[in-house]
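Comments concern the structure below.
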Amino acid sequence: MSTEHVLDQRPRDHARARIRESANKVPEVTVYFWIIKVLTTGMGETASDFLAHLFGPIPAVGLGGLAFAAALVLQFAVRRYVAWIYWTAIVMVSVFGTMAADVLHVGLGVPYTLSTPLFLVALAAVFALWYASERTLSIHSIRTRRRECFYWAAVLATFALGTAAGDLTATIGLGYLGSAVLFAVAICVPALTHRMRLLGAVTAFWTAYVITRPLGASLADWMAVPAKRGGLAWGLGPVTLSWTVAIVGFVVFMAVSRRDTEPTV
């Protein structure tokens, strides 16, 4: 191979390396992002309870943990955002995050009044370590393996926190529907304060991200639980299946339309 050819090849190799490094591993934040996010939270809530009733709590947690690990391995293996891989990982985080919160309460007897602030501290610790290491918490910068690790640690903590917070409000008198209304109002706060330029984009995003968990979970629980518990009594299985179908539909639409993919230059 000639020296001229080697020199000519280097810029192209460098360009390809730069593209690999700059490919963001998470979707663009659109209205579809929030719709799918809420759907995954609700589906994860009812799927977790359904699996626990079907297999028993311990086997369900084991299966959920294995599926969660497999989904993350696949997500880390790809070099850029792929809709079905990313949202599969989010679904498994939702299912396993719910199980983690439920294990503390049901298995170890930790009350929601204690587990909620405990998960809040865990999330704050993840954010503190992330910012100390990378000087940013922006999801538009998930372009390195280390940042991706911080991102998924934060996502898992938000799901556990949201699960505990939603169950806390549901058990102190609000019920599932009341909790859903509460969190539907709450999620408007970061959106409005950001629009009024009172809250930064990153803080607004993560605040809303946390709230989506109890919002979706409360809605799904309200649909699934018996009427004597204030629900619609549709059942865990049917609600899990219907929300899964909705998730698949939106993810397929995103994969085809690529509306959640950052534009290429």
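To be explicit about the labels: the chains of the structure tokens are called A, B, and onward in the order shown, and within each one the residues are counted from 1, while ligands get numbers from 1 in the order they are shown.
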Select from region 169-260 of chain A every residue with an atom at most 10 Å from any atom of region 35-42 of chain A, then for each give the shortest pair of atoms and their distance in Å to one decimal, using only C-alpha atoms, rows by chain and rising number, as CSV.
```
residue,atom,partner,partner_atom,distance
A:Tyr209,CA,A:Lys37,CA,8.3
A:Ile211,CA,A:Val38,CA,9.3
A:Thr212,CA,A:Val38,CA,5.5
A:Arg213,CA,A:Thr41,CA,5.2
A:Pro214,CA,A:Thr41,CA,7.7
A:Leu215,CA,A:Val38,CA,7.1
A:Gly216,CA,A:Gly42,CA,4.3
A:Ala217,CA,A:Gly42,CA,4.1
A:Ser218,CA,A:Gly42,CA,7.3
A:Leu219,CA,A:Gly42,CA,6.7
A:Ala220,CA,A:Gly42,CA,4.9
A:Asp221,CA,A:Gly42,CA,7.5
A:Met223,CA,A:Gly42,CA,9.9
A:Val239,CA,A:Gly42,CA,8.8
A:Thr240,CA,A:Gly42,CA,8.0
A:Ser242,CA,A:Leu39,CA,10.0
A:Trp243,CA,A:Leu39,CA,6.2
A:Thr244,CA,A:Thr40,CA,7.8
A:Val245,CA,A:Leu39,CA,9.9
A:Ala246,CA,A:Leu39,CA,7.5
A:Ile247,CA,A:Ile36,CA,6.0
A:Val248,CA,A:Ile36,CA,9.2
A:Gly249,CA,A:Ile36,CA,9.6
A:Phe250,CA,A:Ile36,CA,6.8
A:Val251,CA,A:Ile36,CA,7.7
```
query: Which is closest to Thr158 (chain A) among A:Thr171, A:Val210, A:Arg146, A:Leu118, if we use only C-alpha atoms?
result: A:Val210
query: Which is closest to Ala101 (chain A) among A:Leu156, A:Val189, A:Ala77, A:Val256, if we use only C-alpha atoms?
result: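 Of A:Leu156, A:Val189, A:Ala77, A:Val256, the one nearest Ala101 (chain A) is A:Leu156, counting only C-alpha atoms.
Between CA of Ala122 (chain A) and CA of Thr207 (chain A) the separation is 14.9 Å.
When only C-alpha atoms are used to compute distances to Tyr151 (chain A), the closest of the residues A:Trp84, A:Phe76, A:Tyr112, A:Phe183 turns out to be A:Phe76.
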field: region 14-235 of chain A: residues DSSP assigns to alpha helix (DSSP H), reported as JSON, numbers by chain
entry: {"A": [14, 15, 16, 17, 18, 19, 20, 21, 22, 31, 32, 33, 34, 35, 36, 37, 38, 39, 40, 41, 42, 43, 44, 45, 46, 47, 48, 49, 50, 51, 52, 53, 54, 55, 57, 58, 59, 60, 61, 62, 63, 64, 65, 66, 67, 68, 69, 70, 71, 72, 73, 74, 75, 76, 77, 83, 84, 85, 86, 87, 88, 89, 90, 91, 92, 93, 94, 95, 96, 97, 98, 99, 100, 101, 102, 112, 113, 114, 115, 116, 117, 118, 119, 120, 121, 122, 123, 124, 125, 126, 127, 128, 129, 130, 131, 132, 133, 134, 145, 146, 147, 148, 149, 150, 151, 152, 153, 154, 155, 156, 157, 158, 159, 160, 161, 162, 163, 164, 165, 166, 167, 168, 169, 175, 176, 177, 178, 179, 180, 181, 182, 183, 184, 185, 186, 188, 189, 190, 191, 192, 193, 194, 195, 201, 202, 203, 204, 205, 206, 207, 208, 209, 210, 211, 212, 213, 214, 215, 216, 217, 218, 219, 220, 221, 222, 223, 224]}
